[in-house]
Protein chains: 2
Amino acid sequence: MTILIDETHDATALSWVESANLETSDFPLQNLPFGIFASDTDSSPRVGVRIGAFVLDMRSVLAAGLIVVDPVVARALQSDTLNALMSTGQQSSGNLRRELFNLLHMRTGMSSQHATTVCLIPASEVTMLLPANVGDFTDFFTSIHHAQRSGQLARPDSPLHPNFKNIPIAYHGRSSSVTVSGVPCSRPYGQTGPDSGYRLTEKLDFELEVGFFVGTGTKAAERVALDSADTHIFGFCLVNDWSARDIQRWEAAPLGPFLAKSFMTSVSPWVVTSEALAPFRLPANARGDDAPTLAAELTSAKHTASAAINISLQVTLQTAQMRAQGISGESVARPNFKDQYWSAAQMLTHHSSNGCRLRPGDLLSSGTVSGPDRADSGCLLERTVDGREPVTLPTREQRGYLEDGDIVSMSGRCMRRGFRTIGFGECQARVVSASSSSQA
Amino acid sequence: MTILIDETHDATALSWVESANLETSDFPLQNLPFGIFASDTDSSPRVGVRIGAFVLDMRSVLAAGLIVVDPVVARALQSDTLNALMSTGQQSSGNLRRELFNLLHMRTGMSSQHATTVCLIPASEVTMLLPANVGDFTDFFTSIHHAQRSGQLARPDSPLHPNFKNIPIAYHGRSSSVTVSGVPCSRPYGQTGPDSGYRLTEKLDFELEVGFFVGTGTKAAERVALDSADTHIFGFCLVNDWSARDIQRWEAAPLGPFLAKSFMTSVSPWVVTSEALAPFRLPANARGDDAPTLAAELTSAKHTASAAINISLQVTLQTAQMRAQGISGESVARPNFKDQYWSAAQMLTHHSSNGCRLRPGDLLSSGTVSGPDRADSGCLLERTVDGREPVTLPTREQRGYLEDGDIVSMSGRCMRRGFRTIGFGECQARVVSASSSSQA
């Protein structure tokens, strides 16, 4: 199934929810991302859809009979996670999105608008929760700019590993570490060398990533063909794969990152569907003259035509001092997801190539998204050359790595002439000192 | 809480379930491991306890009011996984074990025996299922003999990584790959080099490991002290961490094993509790004269006194030809878990040192358990020196790595003079060719 650009992407379509029509909103009628929320008046986790400054409570929408969905989707919308909805497949979630588009469209009759208004809760009055129960979290390494710059620190002569252009490299992450935007990041302890003991990391870093959730899963030993891979992707989010570089350097040989990553991984709460992203697809990047021949399983004409996704990303950093002085977050990176060497479809196809079972709600993430310029590095390791060339902030504070009190915010927007800009909202967390009472 | 040796470990205690008293049984009254099963007459997954040749159906035991347990445990025993029981903590599961010991003890009154008999199902009439919903699976690398011999293949001059004696090294595994003993292992496809394309692995290997399930979990940013670590361990099982060595070699730099491992991980169905293993504890191994000073967090007098567990392990291999000729599996390794460099408590303490959240039912595994002699290697990579020195079987067949039709069986028994031997049952699977219809 190919996702087509259709009426739901029409830039002229407006919503009767007026805040959705503001040009600055990440959540116009053309977006309609899904999430899980609880409200001040009802603490039970439930499915919501973001529209402008409001969250549409899907349980209420269903109870009021405002949309027509098939029974499987209706049941999925009663869940406290998105896993069931993700598992229904793109046909179902696409139909649901069209129903919501119609319901929230300006042309909808006044009686429907009135009935729907009572299902809207101001976004400021809800608590967003983790969108899915993440069975497994896989973190890739698919930015060639990140691979080159971070590789240069360890191996100046051959920064890129020999397999980089043959396979989308990845490691298994820790699903218990995945948490929603807003939860503070507690600075972790760890060993950083032979005589270090366990001490607080001095090289706490963010990693700006784009993640995607598996929709329809696979059976064990089932391999997904590249041209089918996108049908297994429900939607996308922003990911901050917090990293402790000093712990990582000491532990990572021979089995890769472990505790340097598993203390926390933040995700943005709104899952932007594959359907909403359809207009922002771009052809695959040129692989470079020196690139090896791709395995047949990782290339196709259809894939090449629309492999990349144009998402302008940004990381901002705000220190405690900046907050005290009323200075907003300073942009420290503006890469674009379209510059990744490997596509989401290639990641998923490679992931399933050994028959590994993918389950609805599994999270795959791109790895650090870095632009061609060092100024657009998706992590401080690259940007500050492992702390040696710190970033200077408006307060004249310097940051080689993160300090307690720093707030890291990530955002992403999809822009294309002739189309309404859509966004991902925010993936944000504040660094806090480890509680002294944390030893159990 | 320290687990004591008490009446439930008395070697003279016999059960009225006579098959439990056979010396060859892994499941005497002193063991009482937990698992999840379905029976021919009732396909609903439920909690069982193994005794001799029978499975005690805990749902029936509870319905008949044959044991006294607190309400939390009663609810946990109604579940279709062991996660809830694991989360109740060692005090609760210890009490439950004592209740079961009394119920199945020879001295129990005839009326209780009769009422309990109807709750017993022959083990041959049940299907064992995965004991827990494994939220996260972590695989360690804690055998120094394995680290040295496998390291020698890649780095003859310095086989041991510099961090090996400082931290229990590990990587995050794939929880969706964890499956119960008996499920066939489908030979995976994968890339093995720059021009290989995706092809069937030619270096399919087993890894003999001992796993343990987290009981009481931890909160994010909570760190477990070494002397408390054992209280977070519900029980142990055998693990076969199937590996594709050719895929592994190509993919593993820089982020560690990924698809070389995530096609399948087999676990034995019966979880032998920490309580049952109490008599088989041994002092920690000497760390070697050249060992660095241990971080304070990884050592204590209490830990040193009983860090290791004496489990005699065995791997047998039976080819299709051996089966056709009625030849039983040939032993290819007999290592002992007591020879591991790091203990389960050290693994769990290190795992939580960065505040990583551990959840009830999470699986931690030792990594390949290899003995000091190459003949007791827990994988073929070591044993056959990457296939160059194949094992010769009774049929004169040779195996550098596994062939389709091979059955790999793992077993483990705990023996100590003055105590009843207890065992783990079997972790077994047959290698099958990948289905040609597996491309989706």
# chains A, B, ... in the order shown; residues from 1 in each chain; ligands from 1
$ residues_around --residues "Val210 (chain B)" --least-positions-apart "5" --cutoff "6 Å" --atoms "only C-alpha atoms" --output "list of chain:residue names"
B:Cys237, B:Leu238, B:Val239, B:Ser365, B:Ser366
$ residues_around --residues "region 394-404 of chain B" --least-positions-apart "6" --cutoff "12 Å" --atoms "only C-alpha atoms" --output "count of residues only"
51
$ closest_atom_pairs --of "chain B" --to "chain A" --cutoff "6 Å" --atoms "only C-alpha atoms" --output "JSON lines"
{"residue": "B:Tyr171", "atom": "CA", "partner": "A:Phe258", "partner_atom": "CA", "distance": 5.5}
{"residue": "B:His172", "atom": "CA", "partner": "A:His172", "partner_atom": "CA", "distance": 5.4}
{"residue": "B:Gly173", "atom": "CA", "partner": "A:His172", "partner_atom": "CA", "distance": 5.9}
{"residue": "B:Ser176", "atom": "CA", "partner": "A:Arg357", "partner_atom": "CA", "distance": 6.0}
{"residue": "B:Pro188", "atom": "CA", "partner": "A:Asn354", "partner_atom": "CA", "distance": 4.7}
{"residue": "B:Tyr189", "atom": "CA", "partner": "A:Asn354", "partner_atom": "CA", "distance": 4.9}
{"residue": "B:Gly190", "atom": "CA", "partner": "A:Asn354", "partner_atom": "CA", "distance": 5.7}
{"residue": "B:Gly197", "atom": "CA", "partner": "A:Ala295", "partner_atom": "CA", "distance": 5.0}
{"residue": "B:Glu222", "atom": "CA", "partner": "A:Ser438", "partner_atom": "CA", "distance": 4.8}
{"residue": "B:Arg223", "atom": "CA", "partner": "A:Gln439", "partner_atom": "CA", "distance": 4.7}
{"residue": "B:Val224", "atom": "CA", "partner": "A:Ala440", "partner_atom": "CA", "distance": 5.0}
{"residue": "B:Leu255", "atom": "CA", "partner": "A:Gly256", "partner_atom": "CA", "distance": 4.3}
{"residue": "B:Gly256", "atom": "CA", "partner": "A:Gly256", "partner_atom": "CA", "distance": 4.2}
{"residue": "B:Phe258", "atom": "CA", "partner": "A:Tyr171", "partner_atom": "CA", "distance": 5.5}
{"residue": "B:Ser262", "atom": "CA", "partner": "A:Cys356", "partner_atom": "CA", "distance": 5.7}
{"residue": "B:Phe263", "atom": "CA", "partner": "A:Cys356", "partner_atom": "CA", "distance": 4.6}
{"residue": "B:Ala295", "atom": "CA", "partner": "A:Gly197", "partner_atom": "CA", "distance": 5.0}
{"residue": "B:Asn354", "atom": "CA", "partner": "A:Pro188", "partner_atom": "CA", "distance": 4.7}
{"residue": "B:Gly355", "atom": "CA", "partner": "A:Phe263", "partner_atom": "CA", "distance": 5.6}
{"residue": "B:Cys356", "atom": "CA", "partner": "A:Phe263", "partner_atom": "CA", "distance": 4.6}
{"residue": "B:Arg357", "atom": "CA", "partner": "A:Ser176", "partner_atom": "CA", "distance": 6.0}
{"residue": "B:Ser438", "atom": "CA", "partner": "A:Glu222", "partner_atom": "CA", "distance": 4.8}
{"residue": "B:Gln439", "atom": "CA", "partner": "A:Arg223", "partner_atom": "CA", "distance": 4.7}
{"residue": "B:Ala440", "atom": "CA", "partner": "A:Val224", "partner_atom": "CA", "distance": 5.0}
$ write_last_selection --atoms "N, CA and C atoms" --output "PDB file, in the first residue's frame"
ATOM      1  N   TYR B 171      25.449  -6.354  26.866  1.00  0.00           N
ATOM      2  CA  TYR B 171      24.735  -5.586  25.840  1.00  0.00           C
ATOM      3  C   TYR B 171      23.251  -5.848  26.031  1.00  0.00           C
ATOM      4  N   HIS B 172      22.450  -4.893  25.551  1.00  0.00           N
ATOM      5  CA  HIS B 172      21.010  -5.084  25.560  1.00  0.00           C
ATOM      6  C   HIS B 172      20.643  -6.083  24.477  1.00  0.00           C
ATOM      7  N   GLY B 173      19.874  -7.109  24.852  1.00  0.00           N
ATOM      8  CA  GLY B 173      19.388  -8.067  23.863  1.00  0.00           C
ATOM      9  C   GLY B 173      18.026  -7.662  23.354  1.00  0.00           C
ATOM     10  N   SER B 176      11.921  -9.544  22.123  1.00  0.00           N
ATOM     11  CA  SER B 176      10.991 -10.282  21.250  1.00  0.00           C
ATOM     12  C   SER B 176      11.598 -11.583  20.744  1.00  0.00           C
ATOM     13  N   PRO B 188      18.926 -18.110  10.272  1.00  0.00           N
ATOM     14  CA  PRO B 188      18.670 -16.747   9.795  1.00  0.00           C
ATOM     15  C   PRO B 188      19.475 -16.364   8.549  1.00  0.00           C
ATOM     16  N   TYR B 189      18.923 -15.429   7.818  1.00  0.00           N
ATOM     17  CA  TYR B 189      19.639 -14.742   6.754  1.00  0.00           C
ATOM     18  C   TYR B 189      20.390 -13.547   7.348  1.00  0.00           C
ATOM     19  N   GLY B 190      21.375 -13.090   6.624  1.00  0.00           N
ATOM     20  CA  GLY B 190      22.034 -11.860   7.046  1.00  0.00           C
ATOM     21  C   GLY B 190      23.181 -11.514   6.122  1.00  0.00           C
ATOM     22  N   GLY B 197      25.561  -9.938   0.041  1.00  0.00           N
ATOM     23  CA  GLY B 197      24.104  -9.867   0.018  1.00  0.00           C
ATOM     24  C   GLY B 197      23.569 -10.455   1.317  1.00  0.00           C
ATOM     25  N   GLU B 222      17.133   4.504  40.729  1.00  0.00           N
ATOM     26  CA  GLU B 222      17.415   3.743  41.952  1.00  0.00           C
ATOM     27  C   GLU B 222      18.599   2.817  41.684  1.00  0.00           C
ATOM     28  N   ARG B 223      19.538   2.789  42.616  1.00  0.00           N
ATOM     29  CA  ARG B 223      20.709   1.930  42.448  1.00  0.00           C
ATOM     30  C   ARG B 223      20.671   0.839  43.508  1.00  0.00           C
ATOM     31  N   VAL B 224      20.926  -0.377  43.084  1.00  0.00           N
ATOM     32  CA  VAL B 224      20.837  -1.509  44.009  1.00  0.00           C
ATOM     33  C   VAL B 224      22.217  -1.797  44.598  1.00  0.00           C
ATOM     34  N   LEU B 255      28.860  -0.944  17.205  1.00  0.00           N
ATOM     35  CA  LEU B 255      27.834  -0.898  18.256  1.00  0.00           C
ATOM     36  C   LEU B 255      27.494  -2.243  18.880  1.00  0.00           C
ATOM     37  N   GLY B 256      28.252  -3.284  18.543  1.00  0.00           N
ATOM     38  CA  GLY B 256      28.017  -4.578  19.192  1.00  0.00           C
ATOM     39  C   GLY B 256      27.073  -5.467  18.415  1.00  0.00           C
ATOM     40  N   PHE B 258      23.898  -7.397  16.999  1.00  0.00           N
ATOM     41  CA  PHE B 258      22.529  -6.934  16.732  1.00  0.00           C
ATOM     42  C   PHE B 258      21.761  -8.106  16.099  1.00  0.00           C
ATOM     43  N   SER B 262      19.478 -11.571  17.431  1.00  0.00           N
ATOM     44  CA  SER B 262      18.072 -11.261  17.711  1.00  0.00           C
ATOM     45  C   SER B 262      17.080 -12.126  16.955  1.00  0.00           C
ATOM     46  N   PHE B 263      17.561 -13.164  16.270  1.00  0.00           N
ATOM     47  CA  PHE B 263      16.594 -14.054  15.598  1.00  0.00           C
ATOM     48  C   PHE B 263      15.965 -15.025  16.583  1.00  0.00           C
ATOM     49  N   ALA B 295      35.852  -1.930  42.288  1.00  0.00           N
ATOM     50  CA  ALA B 295      35.103  -0.785  42.807  1.00  0.00           C
ATOM     51  C   ALA B 295      34.382  -1.225  44.075  1.00  0.00           C
ATOM     52  N   ASN B 354      23.583   2.866  36.905  1.00  0.00           N
ATOM     53  CA  ASN B 354      23.277   4.141  36.221  1.00  0.00           C
ATOM     54  C   ASN B 354      21.826   4.549  36.436  1.00  0.00           C
ATOM     55  N   GLY B 355      21.118   3.814  37.289  1.00  0.00           N
ATOM     56  CA  GLY B 355      19.714   4.137  37.530  1.00  0.00           C
ATOM     57  C   GLY B 355      18.768   3.472  36.547  1.00  0.00           C
ATOM     58  N   CYS B 356      19.298   2.579  35.714  1.00  0.00           N
ATOM     59  CA  CYS B 356      18.462   1.852  34.745  1.00  0.00           C
ATOM     60  C   CYS B 356      17.355   1.101  35.478  1.00  0.00           C
ATOM     61  N   ARG B 357      16.140   1.257  34.992  1.00  0.00           N
ATOM     62  CA  ARG B 357      14.987   0.648  35.642  1.00  0.00           C
ATOM     63  C   ARG B 357      14.927  -0.844  35.324  1.00  0.00           C
ATOM     64  N   SER B 438       9.326 -17.150   3.622  1.00  0.00           N
ATOM     65  CA  SER B 438       9.410 -16.209   4.734  1.00  0.00           C
ATOM     66  C   SER B 438       9.526 -14.751   4.298  1.00  0.00           C
ATOM     67  N   GLN B 439       9.692 -14.507   3.008  1.00  0.00           N
ATOM     68  CA  GLN B 439       9.781 -13.098   2.576  1.00  0.00           C
ATOM     69  C   GLN B 439       8.368 -12.528   2.502  1.00  0.00           C
ATOM     70  N   ALA B 440       8.093 -11.518   3.299  1.00  0.00           N
ATOM     71  CA  ALA B 440       6.725 -10.953   3.370  1.00  0.00           C
ATOM     72  C   ALA B 440       6.565  -9.821   2.362  1.00  0.00           C
TER      73      ALA B 440
END
$ atom_distance --atom1 "CA of Pro390 (chain B)" --atom2 "CA of Asp241 (chain B)"
20.4 Å
$ residues_around --residues "Trp16 (chain B)" --least-positions-apart "3" --cutoff "8 Å" --atoms "only C-alpha atoms" --output "ChimeraX atom specification"
/B:104-107,113
$ residues_around --residues "Asp40 (chain A)" --least-positions-apart "5" --cutoff "8 Å" --atoms "only C-alpha atoms" --output "list in words"
Glu125, Val126 and Thr127 of chain A
$ write_last_selection --atoms "all heavy atoms" --output "mmCIF file, in the first residue's frame"
data_model
loop_
_atom_site.group_PDB
_atom_site.id
_atom_site.type_symbol
_atom_site.label_atom_id
_atom_site.label_comp_id
_atom_site.auth_asym_id
_atom_site.auth_seq_id
_atom_site.Cartn_x
_atom_site.Cartn_y
_atom_site.Cartn_z
ATOM 1 N N GLU A 125 -4.033 21.488 30.020
ATOM 2 C CA GLU A 125 -4.681 20.823 31.153
ATOM 3 C C GLU A 125 -4.510 19.294 31.122
ATOM 4 O O GLU A 125 -5.176 18.573 31.854
ATOM 5 C CB GLU A 125 -6.178 21.165 31.188
ATOM 6 C CG GLU A 125 -6.412 22.622 31.514
ATOM 7 C CD GLU A 125 -7.887 23.024 31.428
ATOM 8 O OE1 GLU A 125 -8.750 22.123 31.406
ATOM 9 O OE2 GLU A 125 -8.141 24.233 31.364
ATOM 10 N N VAL A 126 -3.643 18.825 30.236
ATOM 11 C CA VAL A 126 -3.427 17.370 30.184
ATOM 12 C C VAL A 126 -1.979 17.040 30.514
ATOM 13 O O VAL A 126 -1.084 17.877 30.397
ATOM 14 C CB VAL A 126 -3.771 16.750 28.800
ATOM 15 C CG1 VAL A 126 -5.169 17.163 28.346
ATOM 16 C CG2 VAL A 126 -2.730 17.100 27.761
ATOM 17 N N THR A 127 -1.786 15.823 30.945
ATOM 18 C CA THR A 127 -0.449 15.277 31.132
ATOM 19 C C THR A 127 -0.242 14.246 30.037
ATOM 20 O O THR A 127 -1.036 13.310 29.911
ATOM 21 C CB THR A 127 -0.331 14.582 32.502
ATOM 22 O OG1 THR A 127 -0.653 15.540 33.504
ATOM 23 C CG2 THR A 127 1.074 14.032 32.724
#
$ atom_distance --atom1 "CA of Ala284 (chain B)" --atom2 "CA of Ser370 (chain B)"
16.7 Å
$ atom_distance --atom1 "CA of Met415 (chain B)" --atom2 "CA of Asn31 (chain B)"
12.2 Å
$ residues_around --residues "Val180 (chain B)" --least-positions-apart "3" --cutoff "9 Å" --atoms "only C-alpha atoms" --output "list of chain:residue names"
B:Met128, B:Leu129, B:Leu130, B:Pro131, B:Val183, B:Thr265, B:Ser266, B:Val267, B:Ser268, B:Pro269, B:Cys427, B:Gln428
$ select_by_dssp --residues "region 68-266 of chain A" --states "strand (DSSP E or B)" --output "JSON, numbers by chain"
{"A": [105, 120, 121, 122, 126, 127, 128, 129, 137, 138, 139, 140, 170, 171, 172, 178, 179, 180, 185, 186, 189, 190, 191, 198, 199, 200, 204, 205, 208, 209, 210, 211, 212, 213, 214, 223, 233, 234, 235, 236, 237, 238, 239, 240, 243, 244, 265, 266]}
